[in-house]
Each structure stands twice: as C-alpha cells, then as structure tokens.
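Visitor: My structure is stored as structure.cif, with mmCIF, C-alpha atoms.
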```cif
data_model
loop_
_atom_site.group_PDB
_atom_site.id
_atom_site.type_symbol
_atom_site.label_atom_id
_atom_site.label_comp_id
_atom_site.auth_asym_id
_atom_site.auth_seq_id
_atom_site.Cartn_x
_atom_site.Cartn_y
_atom_site.Cartn_z
ATOM 1 C CA MET A 1 -10.743 0.216 22.934
ATOM 2 C CA LEU A 2 -7.643 -0.079 20.751
ATOM 3 C CA LYS A 3 -5.598 -3.217 21.153
ATOM 4 C CA ASN A 4 -1.960 -3.681 20.278
ATOM 5 C CA LYS A 5 -1.861 -6.767 18.096
ATOM 6 C CA TYR A 6 1.944 -6.868 18.237
ATOM 7 C CA LYS A 7 2.261 -7.016 22.048
ATOM 8 C CA ASP A 8 2.777 -10.787 22.068
ATOM 9 C CA ASP A 9 5.858 -10.348 19.888
ATOM 10 C CA TYR A 10 7.719 -8.696 22.756
ATOM 11 C CA SER A 11 8.781 -9.934 26.166
ATOM 12 C CA ARG A 12 9.130 -7.593 29.111
ATOM 13 C CA PHE A 13 11.205 -8.182 32.194
ATOM 14 C CA GLU A 14 12.556 -6.025 34.973
ATOM 15 C CA ARG A 15 16.153 -5.744 36.104
ATOM 16 C CA LEU A 16 18.291 -3.514 38.285
ATOM 17 C CA ASN A 17 20.453 -0.971 36.534
ATOM 18 C CA GLY A 18 23.837 0.284 37.756
ATOM 19 C CA LYS A 19 22.212 2.840 40.076
ATOM 20 C CA GLY A 20 20.049 0.263 41.798
ATOM 21 C CA ARG A 21 16.841 1.315 40.055
ATOM 22 C CA VAL A 22 14.376 -1.102 38.544
ATOM 23 C CA VAL A 23 14.120 -0.701 34.773
ATOM 24 C CA GLU A 24 11.984 -2.575 32.317
ATOM 25 C CA ASP A 25 13.743 -4.266 29.412
ATOM 26 C CA ILE A 26 11.806 -5.072 26.273
ATOM 27 C CA CYS A 27 13.023 -7.742 23.887
ATOM 28 C CA TYR A 28 11.560 -8.687 20.496
ATOM 29 C CA THR A 29 10.744 -12.402 20.406
ATOM 30 C CA GLY A 30 8.528 -12.574 17.328
ATOM 31 C CA ASP A 31 9.252 -13.758 13.827
ATOM 32 C CA TYR A 32 11.668 -11.970 11.502
ATOM 33 C CA TYR A 33 10.995 -11.554 7.794
ATOM 34 C CA LEU A 34 14.095 -11.698 5.610
ATOM 35 C CA LEU A 35 14.152 -9.936 2.240
ATOM 36 C CA PRO A 36 15.666 -12.121 -0.503
ATOM 37 C CA PHE A 37 18.241 -9.603 -1.754
ATOM 38 C CA GLU A 38 21.168 -7.353 -0.850
ATOM 39 C CA LYS A 39 21.203 -3.714 0.294
ATOM 40 C CA GLN A 40 21.916 -2.379 -3.203
ATOM 41 C CA GLN A 41 18.898 -4.183 -4.619
ATOM 42 C CA LYS A 42 16.771 -2.919 -1.705
ATOM 43 C CA ARG A 43 17.594 0.634 -2.801
ATOM 44 C CA LYS A 44 16.324 -0.230 -6.273
ATOM 45 C CA THR A 45 13.118 -1.644 -4.814
ATOM 46 C CA ASN A 46 12.697 1.565 -2.789
ATOM 47 C CA LEU A 47 12.872 3.612 -5.985
ATOM 48 C CA ALA A 48 10.572 1.220 -7.845
ATOM 49 C CA ASN A 49 7.947 1.318 -5.082
ATOM 50 C CA LEU A 50 8.008 5.115 -4.941
ATOM 51 C CA GLY A 51 8.059 5.369 -8.742
ATOM 52 C CA PHE A 52 5.034 3.127 -9.232
ATOM 53 C CA THR A 53 3.205 4.888 -6.392
ATOM 54 C CA GLY A 54 3.950 8.283 -7.909
ATOM 55 C CA LEU A 55 2.839 7.106 -11.338
ATOM 56 C CA LEU A 56 -0.453 5.796 -9.949
ATOM 57 C CA TRP A 57 -1.021 9.112 -8.162
ATOM 58 C CA ALA A 58 -0.278 11.040 -11.384
ATOM 59 C CA VAL A 59 -2.727 8.938 -13.411
ATOM 60 C CA GLN A 60 -5.412 9.319 -10.731
ATOM 61 C CA ILE A 61 -4.970 13.094 -10.512
ATOM 62 C CA GLY A 62 -4.921 13.287 -14.311
ATOM 63 C CA ALA A 63 -8.249 11.432 -14.459
ATOM 64 C CA GLY A 64 -9.701 14.002 -12.082
ATOM 65 C CA MET A 65 -8.568 16.917 -14.255
ATOM 66 C CA VAL A 66 -10.423 15.763 -17.351
ATOM 67 C CA ASN A 67 -13.609 17.603 -16.255
ATOM 68 C CA GLN A 68 -15.954 15.253 -18.076
ATOM 69 C CA ASP A 69 -19.734 15.460 -17.811
ATOM 70 C CA SER A 70 -19.953 12.433 -15.527
ATOM 71 C CA SER A 71 -17.858 14.258 -12.908
ATOM 72 C CA ARG A 72 -21.035 16.029 -11.871
ATOM 73 C CA THR A 73 -22.742 12.742 -10.967
ATOM 74 C CA PHE A 74 -22.409 11.428 -7.411
ATOM 75 C CA TRP A 75 -22.169 7.745 -8.340
ATOM 76 C CA ILE A 76 -19.166 8.565 -10.528
ATOM 77 C CA VAL A 77 -17.466 11.066 -8.212
ATOM 78 C CA TYR A 78 -17.585 9.146 -4.925
ATOM 79 C CA PRO A 79 -15.835 5.984 -6.151
ATOM 80 C CA TYR A 80 -13.237 8.237 -7.786
ATOM 81 C CA LEU A 81 -12.680 10.071 -4.493
ATOM 82 C CA PHE A 82 -12.598 6.861 -2.453
ATOM 83 C CA LEU A 83 -9.776 5.652 -4.696
ATOM 84 C CA TYR A 84 -7.495 8.140 -2.959
ATOM 85 C CA LEU A 85 -7.731 6.169 0.316
ATOM 86 C CA PRO A 86 -5.919 3.029 -0.868
ATOM 87 C CA LEU A 87 -3.494 5.256 -2.771
ATOM 88 C CA ALA A 88 -2.665 7.084 0.454
ATOM 89 C CA TYR A 89 -2.117 3.762 2.239
ATOM 90 C CA LEU A 90 -0.003 2.606 -0.695
ATOM 91 C CA PHE A 91 2.207 5.654 -0.247
ATOM 92 C CA LEU A 92 2.412 5.014 3.506
ATOM 93 C CA GLY A 93 3.463 1.432 2.866
ATOM 94 C CA ALA A 94 6.131 2.504 0.381
ATOM 95 C CA ALA A 95 7.395 5.176 2.792
ATOM 96 C CA THR A 96 7.539 2.679 5.666
ATOM 97 C CA TYR A 97 9.401 0.223 3.457
ATOM 98 C CA LEU A 98 12.091 2.861 2.829
ATOM 99 C CA GLU A 99 13.275 2.675 6.420
ATOM 100 C CA VAL A 100 13.171 -1.061 7.110
ATOM 101 C CA SER A 101 16.237 -3.252 7.043
ATOM 102 C CA LEU A 102 16.679 -6.536 5.214
ATOM 103 C CA ARG A 103 15.602 -8.316 8.419
ATOM 104 C CA MET A 104 12.182 -6.984 9.431
ATOM 105 C CA GLN A 105 10.095 -7.430 12.523
ATOM 106 C CA ARG A 106 6.455 -8.370 12.022
ATOM 107 C CA VAL A 107 5.175 -4.827 12.573
ATOM 108 C CA GLN A 108 7.571 -3.497 9.917
ATOM 109 C CA TYR A 109 6.605 -6.269 7.514
ATOM 110 C CA GLU A 110 2.868 -5.709 7.911
ATOM 111 C CA THR A 111 3.002 -1.893 7.760
ATOM 112 C CA GLY A 112 5.412 -1.917 4.828
ATOM 113 C CA VAL A 113 5.453 -4.856 2.459
ATOM 114 C CA THR A 114 1.998 -6.260 3.247
ATOM 115 C CA ARG A 115 0.348 -2.820 3.232
ATOM 116 C CA ILE A 116 1.645 -2.214 -0.282
ATOM 117 C CA ARG A 117 0.019 -5.432 -1.539
ATOM 118 C CA ARG A 118 -3.316 -4.844 0.183
ATOM 119 C CA SER A 119 -3.531 -1.213 -0.875
ATOM 120 C CA LEU A 120 -2.716 -2.074 -4.457
ATOM 121 C CA LYS A 121 -5.500 -4.665 -4.522
ATOM 122 C CA GLY A 122 -7.966 -2.124 -3.128
ATOM 123 C CA ALA A 123 -6.908 0.547 -5.599
ATOM 124 C CA MET A 124 -7.264 -1.869 -8.511
ATOM 125 C CA ALA A 125 -10.738 -2.926 -7.358
ATOM 126 C CA LEU A 126 -11.943 0.663 -6.973
ATOM 127 C CA SER A 127 -10.466 1.672 -10.302
ATOM 128 C CA GLY A 128 -12.302 -1.239 -11.908
ATOM 129 C CA VAL A 129 -15.519 -0.038 -10.287
ATOM 130 C CA CYS A 130 -14.875 3.485 -11.610
ATOM 131 C CA LEU A 131 -14.268 2.078 -15.084
ATOM 132 C CA VAL A 132 -17.492 0.054 -15.081
ATOM 133 C CA LEU A 133 -19.529 2.984 -13.741
ATOM 134 C CA GLY A 134 -18.016 5.254 -16.379
ATOM 135 C CA LEU A 135 -19.024 2.788 -19.084
ATOM 136 C CA VAL A 136 -22.559 2.623 -17.669
ATOM 137 C CA TYR A 137 -22.763 6.436 -17.636
ATOM 138 C CA LEU A 138 -21.467 6.559 -21.212
ATOM 139 C CA ALA A 139 -24.098 4.039 -22.337
ATOM 140 C CA LEU A 140 -26.939 5.849 -20.542
ATOM 141 C CA HIS A 141 -26.102 9.368 -21.758
ATOM 142 C CA PHE A 142 -24.353 8.706 -25.063
ATOM 143 C CA GLY A 143 -26.037 11.403 -27.182
ATOM 144 C CA GLU A 144 -26.105 14.124 -24.500
ATOM 145 C CA ILE A 145 -22.474 14.307 -23.389
ATOM 146 C CA GLN A 146 -18.999 15.077 -24.691
ATOM 147 C CA VAL A 147 -17.932 11.564 -25.558
ATOM 148 C CA GLY A 148 -14.274 12.501 -26.075
ATOM 149 C CA ARG A 149 -13.782 13.611 -22.487
ATOM 150 C CA GLU A 150 -15.574 10.562 -21.162
ATOM 151 C CA LEU A 151 -13.318 8.319 -23.224
ATOM 152 C CA ILE A 152 -10.230 10.125 -21.906
ATOM 153 C CA TYR A 153 -11.512 9.563 -18.372
ATOM 154 C CA LEU A 154 -12.077 5.866 -19.085
ATOM 155 C CA LEU A 155 -8.665 5.644 -20.713
ATOM 156 C CA CYS A 156 -7.120 7.071 -17.528
ATOM 157 C CA HIS A 157 -8.723 4.256 -15.531
ATOM 158 C CA CYS A 158 -7.497 1.699 -18.061
ATOM 159 C CA LEU A 159 -4.008 3.194 -17.756
ATOM 160 C CA PHE A 160 -4.304 3.086 -13.964
ATOM 161 C CA LEU A 161 -5.230 -0.599 -14.094
ATOM 162 C CA ALA A 162 -2.382 -1.335 -16.510
ATOM 163 C CA VAL A 163 0.203 0.390 -14.296
ATOM 164 C CA ALA A 164 -1.234 -1.287 -11.178
ATOM 165 C CA PHE A 165 -1.116 -4.674 -12.918
ATOM 166 C CA LEU A 166 2.539 -4.109 -13.860
ATOM 167 C CA TYR A 167 3.282 -3.071 -10.293
ATOM 168 C CA ALA A 168 1.535 -6.188 -8.966
ATOM 169 C CA ARG A 169 3.677 -8.383 -11.246
ATOM 170 C CA TYR A 170 6.809 -6.569 -10.097
ATOM 171 C CA TYR A 171 5.719 -6.939 -6.472
ATOM 172 C CA ASN A 172 5.063 -10.677 -6.813
ATOM 173 C CA ARG A 173 8.390 -11.282 -8.536
ATOM 174 C CA THR A 174 10.388 -9.151 -6.070
ATOM 175 C CA TYR A 175 8.869 -10.169 -2.737
ATOM 176 C CA SER A 176 7.957 -13.792 -3.419
ATOM 177 C CA GLY A 177 11.153 -15.058 -1.795
ATOM 178 C CA ILE A 178 10.674 -13.496 1.631
ATOM 179 C CA ALA A 179 11.749 -16.009 4.242
ATOM 180 C CA VAL A 180 10.467 -16.219 7.808
ATOM 181 C CA GLU A 181 12.884 -16.732 10.662
ATOM 182 C CA LYS A 182 11.050 -18.002 13.724
ATOM 183 C CA GLY A 183 11.523 -15.948 16.860
ATOM 184 C CA LYS A 184 13.085 -17.395 19.977
ATOM 185 C CA PRO A 185 11.374 -16.914 23.324
ATOM 186 C CA VAL A 186 13.462 -15.291 26.033
ATOM 187 C CA GLU A 187 14.007 -17.508 29.035
#
```
Take the structure I supplied and represent it as structure tokens, if you would.

Guide:
Amino acid sequence: MLKNKYKDDYSRFERLNGKGRVVEDICYTGDYYLLPFEKQQKRKTNLANLGFTGLLWAVQIGAGMVNQDSSRTFWIVYPYLFLYLPLAYLFLGAATYLEVSLRMQRVQYETGVTRIRRSLKGAMALSGVCLVLGLVYLALHFGEIQVGRELIYLLCHCLFLAVAFLYARYYNRTYSGIAVEKGKPVE
C-alpha cells in the first residue's frame, strides 16, 4: 500500500461555507525551505539546471552512438542503459524546480532540489561503474577490438563525470544557503 509521507505536513479541519455546507479546509503546517537568492537569480539557476541536465543527456547519448565492440556485451550495455534512470529523475527534478517559488514546501523541496542532488550522485556512480567496466573490457580484449572506439567510449564517460562534477560543485555553491523556516501548527 502506498503511503503519503507528506500528510503530516497538512492540517485538515471542517467549516461551514456561506451556503451552510460542510467543507474541508486544508492548511500547510510543515516547514518551508527558503532559497538564498532573488527571483532573477532563480531564473539563472533554472537555466543552469536545465543546461547541465541537457549536457549530461547529450554526453550519454553520444557515448551510446559510438558503436564500440563492447556494446555487444551485456555487462557493458546494462550499466549504460541503467544510467538513463537517474538522468530521467535528474530531468524531473530540474523540471519541478522550474515551477517552485523562493519559499518551498517540503514536497517541492524534496521533489525538486533534493531530487537533483540524489540523481546526480546516482548518475555519477553508474558512470564510474561504466568507466571501470569499459577499462576491464579493454584490458581483456585489447588485441581483438577496435581500440579507438573503445577509447572514445571511455572518454565520453570521463567527460560525463567531469560535467557531473562541475554540476555538483555548482549545486553545492548555489544551494548551500537554503534556510528552513519552521512551520506553525494551526490551532
């Protein structure tokens, strides 16, 4: 059964409306997360998040178009394919972040800002795995394969890690000042 982990952040109470009907009012009582910059700078962070995400997608797709010999080996292909999952979540986090205000509720914070960080960590870990497996494949089959294409594939993963590392530094510098405003319970 699915559980709503954000249900405790809201209070529900019933009241009578103007027509004498009972309606349920819902009020957010959880914590607010405050971004440490102005609206103009938020627009720049929107573009930076989408730009880095797009660049990571381009590098990943480029690595898949190399058509190296190791792309016909399951223990090379599956980690490469699984790398698209954190990239998809990274895009979802960046897209969610586009629509949030400077004062975010917990659900917006966790599905936007926090999702970007977690997805980036996962993508970096899987890309590192792909890089190591590519090096192992290169060492095992050095004389039998087209080494140039394998090196291009490995270079794509190195480029992916470099861009992801730059994005992680940008993320840490930009979002390190997020303040938490404690919610007030409704009486």

Visitor: Go ahead and compute the interatomic distance for CA of Tyr6 in chain A and CA of Tyr175 in chain A, in Å to one decimal.

Guide: 22.3 Å

Visitor: Measuring atom to atom with all atoms listed in the file, identify which of A:Val107, A:Ile116, A:Ala179, A:Leu47 is nearest to Tyr28 in chain A.

Guide: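 Nearest to Tyr28 in chain A: A:Val107.
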
Visitor: Between CA of Gly128 in chain A and CA of Gly177 in chain A, what is the distance, to one decimal in Å?

Guide: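 Rounded to one decimal, the two atoms are 29.0 Å apart.
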
Visitor: Just checking: using all atoms listed in the file, which residue out of A:Leu81, A:Leu135, A:Ile26, A:Cys130 ends up closest to Glu14 in chain A?

Guide: A:Ile26

Visitor: Could you pull the residues within 12 Å of Gln68 in chain A, counting only C-alpha atoms, minus those fewer than 5 positions along the same chain, as a PDB file with C-alpha atoms, in the frame of the given file?

Guide:
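result_10.pdb written:
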```pdb
ATOM      1  CA  GLY A  62      -4.921  13.287 -14.311  1.00  0.00           C
ATOM      2  CA  ALA A  63      -8.249  11.432 -14.459  1.00  0.00           C
ATOM      3  CA  THR A  73     -22.742  12.742 -10.967  1.00  0.00           C
ATOM      4  CA  ILE A  76     -19.166   8.565 -10.528  1.00  0.00           C
ATOM      5  CA  VAL A  77     -17.466  11.066  -8.212  1.00  0.00           C
ATOM      6  CA  GLY A 134     -18.016   5.254 -16.379  1.00  0.00           C
ATOM      7  CA  TYR A 137     -22.763   6.436 -17.636  1.00  0.00           C
ATOM      8  CA  LEU A 138     -21.467   6.559 -21.212  1.00  0.00           C
ATOM      9  CA  ILE A 145     -22.474  14.307 -23.389  1.00  0.00           C
ATOM     10  CA  GLN A 146     -18.999  15.077 -24.691  1.00  0.00           C
ATOM     11  CA  VAL A 147     -17.932  11.564 -25.558  1.00  0.00           C
ATOM     12  CA  GLY A 148     -14.274  12.501 -26.075  1.00  0.00           C
ATOM     13  CA  ARG A 149     -13.782  13.611 -22.487  1.00  0.00           C
ATOM     14  CA  GLU A 150     -15.574  10.562 -21.162  1.00  0.00           C
ATOM     15  CA  LEU A 151     -13.318   8.319 -23.224  1.00  0.00           C
ATOM     16  CA  ILE A 152     -10.230  10.125 -21.906  1.00  0.00           C
ATOM     17  CA  TYR A 153     -11.512   9.563 -18.372  1.00  0.00           C
ATOM     18  CA  LEU A 154     -12.077   5.866 -19.085  1.00  0.00           C
TER      19      LEU A 154
END
```

Visitor: Quick one: pull the distance between CA of Ala123 in chain A and CA of Val136 in chain A, Å, one decimal.

Guide: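 Here the two named atoms are 19.9 Å from each other.
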
Visitor: Could you pull the residues within 9 Å of Tyr80 in chain A, counting all atoms listed in the file, minus those fewer than 6 positions along the same chain, as a short mmCIF file (atom, residue, chain, number, x, y, z; two decimals) with C-alpha atoms, keeping the file's coordinate frame?

Guide:
```cif
data_model
loop_
_atom_site.label_atom_id
_atom_site.label_comp_id
_atom_site.auth_asym_id
_atom_site.auth_seq_id
_atom_site.Cartn_x
_atom_site.Cartn_y
_atom_site.Cartn_z
CA GLN A 60 -5.41 9.32 -10.73
CA ALA A 63 -8.25 11.43 -14.46
CA GLY A 64 -9.70 14.00 -12.08
CA LEU A 126 -11.94 0.66 -6.97
CA SER A 127 -10.47 1.67 -10.30
CA VAL A 129 -15.52 -0.04 -10.29
CA CYS A 130 -14.88 3.48 -11.61
#
```

Visitor: With the file shown as input, list the residues that the PyMOL selection byres ((chain A and resi 114) around 12) selects, as a JSON list (two decimals) with C-alpha atoms, in the coordinates of the input.

Guide:
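Dumped everything to result31.json:
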```
[["chain", "number", "residue", "atom", "x", "y", "z"],
["A", 33, "TYR", "CA", 11.00, -11.55, 7.79],
["A", 89, "TYR", "CA", -2.12, 3.76, 2.24],
["A", 90, "LEU", "CA", 0.00, 2.61, -0.70],
["A", 92, "LEU", "CA", 2.41, 5.01, 3.51],
["A", 93, "GLY", "CA", 3.46, 1.43, 2.87],
["A", 94, "ALA", "CA", 6.13, 2.50, 0.38],
["A", 96, "THR", "CA", 7.54, 2.68, 5.67],
["A", 97, "TYR", "CA", 9.40, 0.22, 3.46],
["A", 104, "MET", "CA", 12.18, -6.98, 9.43],
["A", 106, "ARG", "CA", 6.46, -8.37, 12.02],
["A", 107, "VAL", "CA", 5.18, -4.83, 12.57],
["A", 108, "GLN", "CA", 7.57, -3.50, 9.92],
["A", 109, "TYR", "CA", 6.60, -6.27, 7.51],
["A", 110, "GLU", "CA", 2.87, -5.71, 7.91],
["A", 111, "THR", "CA", 3.00, -1.89, 7.76],
["A", 112, "GLY", "CA", 5.41, -1.92, 4.83],
["A", 113, "VAL", "CA", 5.45, -4.86, 2.46],
["A", 115, "ARG", "CA", 0.35, -2.82, 3.23],
["A", 116, "ILE", "CA", 1.64, -2.21, -0.28],
["A", 117, "ARG", "CA", 0.02, -5.43, -1.54],
["A", 118, "ARG", "CA", -3.32, -4.84, 0.18],
["A", 119, "SER", "CA", -3.53, -1.21, -0.88],
["A", 120, "LEU", "CA", -2.72, -2.07, -4.46],
["A", 121, "LYS", "CA", -5.50, -4.66, -4.52],
["A", 171, "TYR", "CA", 5.72, -6.94, -6.47],
["A", 172, "ASN", "CA", 5.06, -10.68, -6.81],
["A", 175, "TYR", "CA", 8.87, -10.17, -2.74],
["A", 176, "SER", "CA", 7.96, -13.79, -3.42],
["A", 178, "ILE", "CA", 10.67, -13.50, 1.63]]
```

Visitor: Taking into account all atoms listed in the file, which residue in the set A:Gly54, A:Pro86, A:Gly20, A:Pro36 is nearest to Ala125 in chain A?

Guide: A:Pro86

Visitor: Would you be able to write out as a ChimeraX atom specification which residues have an atom within 9 Å of (0.5, -2.6, -9.9) in the file's coordinates, counting all atoms listed in the file?

Guide: /A:52-53,56,117,120-121,124,160-171

Visitor: Can you spell out as a CSV table (one decimal) with C-alpha atoms, in the coordinates of the input the set of residues that the PyMOL selection byres ((chain A and resi 42) around 12) selects in the structure I just provided?

Guide:
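Output below, filename selection02.csv:
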```csv
chain,number,residue,atom,x,y,z
A,34,LEU,CA,14.1,-11.7,5.6
A,35,LEU,CA,14.2,-9.9,2.2
A,36,PRO,CA,15.7,-12.1,-0.5
A,37,PHE,CA,18.2,-9.6,-1.8
A,38,GLU,CA,21.2,-7.4,-0.8
A,39,LYS,CA,21.2,-3.7,0.3
A,40,GLN,CA,21.9,-2.4,-3.2
A,41,GLN,CA,18.9,-4.2,-4.6
A,43,ARG,CA,17.6,0.6,-2.8
A,44,LYS,CA,16.3,-0.2,-6.3
A,45,THR,CA,13.1,-1.6,-4.8
A,46,ASN,CA,12.7,1.6,-2.8
A,47,LEU,CA,12.9,3.6,-6.0
A,48,ALA,CA,10.6,1.2,-7.8
A,49,ASN,CA,7.9,1.3,-5.1
A,97,TYR,CA,9.4,0.2,3.5
A,98,LEU,CA,12.1,2.9,2.8
A,99,GLU,CA,13.3,2.7,6.4
A,100,VAL,CA,13.2,-1.1,7.1
A,101,SER,CA,16.2,-3.3,7.0
A,102,LEU,CA,16.7,-6.5,5.2
A,103,ARG,CA,15.6,-8.3,8.4
A,174,THR,CA,10.4,-9.2,-6.1
A,175,TYR,CA,8.9,-10.2,-2.7
```

Visitor: List the residues sitting within 12 Å of (5.9, -6.7, 20.0) in the file's frame, using all atoms listed in the file, as a list in words.

Guide: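 With a cut-off of 12 Å, the residues come to Asn4, Lys5, Tyr6, Lys7, Asp8, Asp9, Tyr10, Ser11, Arg12, Ile26, Cys27, Tyr28, Thr29, Gly30, Asp31, Tyr32, Gln105, Arg106, Val107, Gln108 and Gly183 of chain A.
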
Visitor: Generate a file of the selected residues that holds C-alpha atoms, formatted as a PDB file, keeping the file's coordinate frame.

Guide:
```pdb
ATOM      1  CA  ASN A   4      -1.960  -3.681  20.278  1.00  0.00           C
ATOM      2  CA  LYS A   5      -1.861  -6.767  18.096  1.00  0.00           C
ATOM      3  CA  TYR A   6       1.944  -6.868  18.237  1.00  0.00           C
ATOM      4  CA  LYS A   7       2.261  -7.016  22.048  1.00  0.00           C
ATOM      5  CA  ASP A   8       2.777 -10.787  22.068  1.00  0.00           C
ATOM      6  CA  ASP A   9       5.858 -10.348  19.888  1.00  0.00           C
ATOM      7  CA  TYR A  10       7.719  -8.696  22.756  1.00  0.00           C
ATOM      8  CA  SER A  11       8.781  -9.934  26.166  1.00  0.00           C
ATOM      9  CA  ARG A  12       9.130  -7.593  29.111  1.00  0.00           C
ATOM     10  CA  ILE A  26      11.806  -5.072  26.273  1.00  0.00           C
ATOM     11  CA  CYS A  27      13.023  -7.742  23.887  1.00  0.00           C
ATOM     12  CA  TYR A  28      11.560  -8.687  20.496  1.00  0.00           C
ATOM     13  CA  THR A  29      10.744 -12.402  20.406  1.00  0.00           C
ATOM     14  CA  GLY A  30       8.528 -12.574  17.328  1.00  0.00           C
ATOM     15  CA  ASP A  31       9.252 -13.758  13.827  1.00  0.00           C
ATOM     16  CA  TYR A  32      11.668 -11.970  11.502  1.00  0.00           C
ATOM     17  CA  GLN A 105      10.095  -7.430  12.523  1.00  0.00           C
ATOM     18  CA  ARG A 106       6.455  -8.370  12.022  1.00  0.00           C
ATOM     19  CA  VAL A 107       5.175  -4.827  12.573  1.00  0.00           C
ATOM     20  CA  GLN A 108       7.571  -3.497   9.917  1.00  0.00           C
ATOM     21  CA  GLY A 183      11.523 -15.948  16.860  1.00  0.00           C
TER      22      GLY A 183
END
```

Visitor: Between A:Lys3, A:Phe91, A:Lys182, A:Cys156, which residue has the minimum interatomic distance to Leu50 in chain A, considering only C-alpha atoms?

Guide: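 Of the candidates, the smallest distance to Leu50 in chain A is held by A:Phe91.
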
Visitor: Could you check the closest approach to Leu159 in chain A for each of A:Val66, A:Ala95, A:Leu83, A:Leu131 and tell me which residue wins, using all atoms listed in the file?

Guide: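 Among the listed residues, A:Leu131 lies closest to Leu159 in chain A.
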
Visitor: Taking only C-alpha atoms into account, which of A:Ser70, A:Arg173, A:His157, A:Gly18 comes nearest His141 in chain A?

Guide: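 Distance minimum relative to His141 in chain A lands on A:Ser70.
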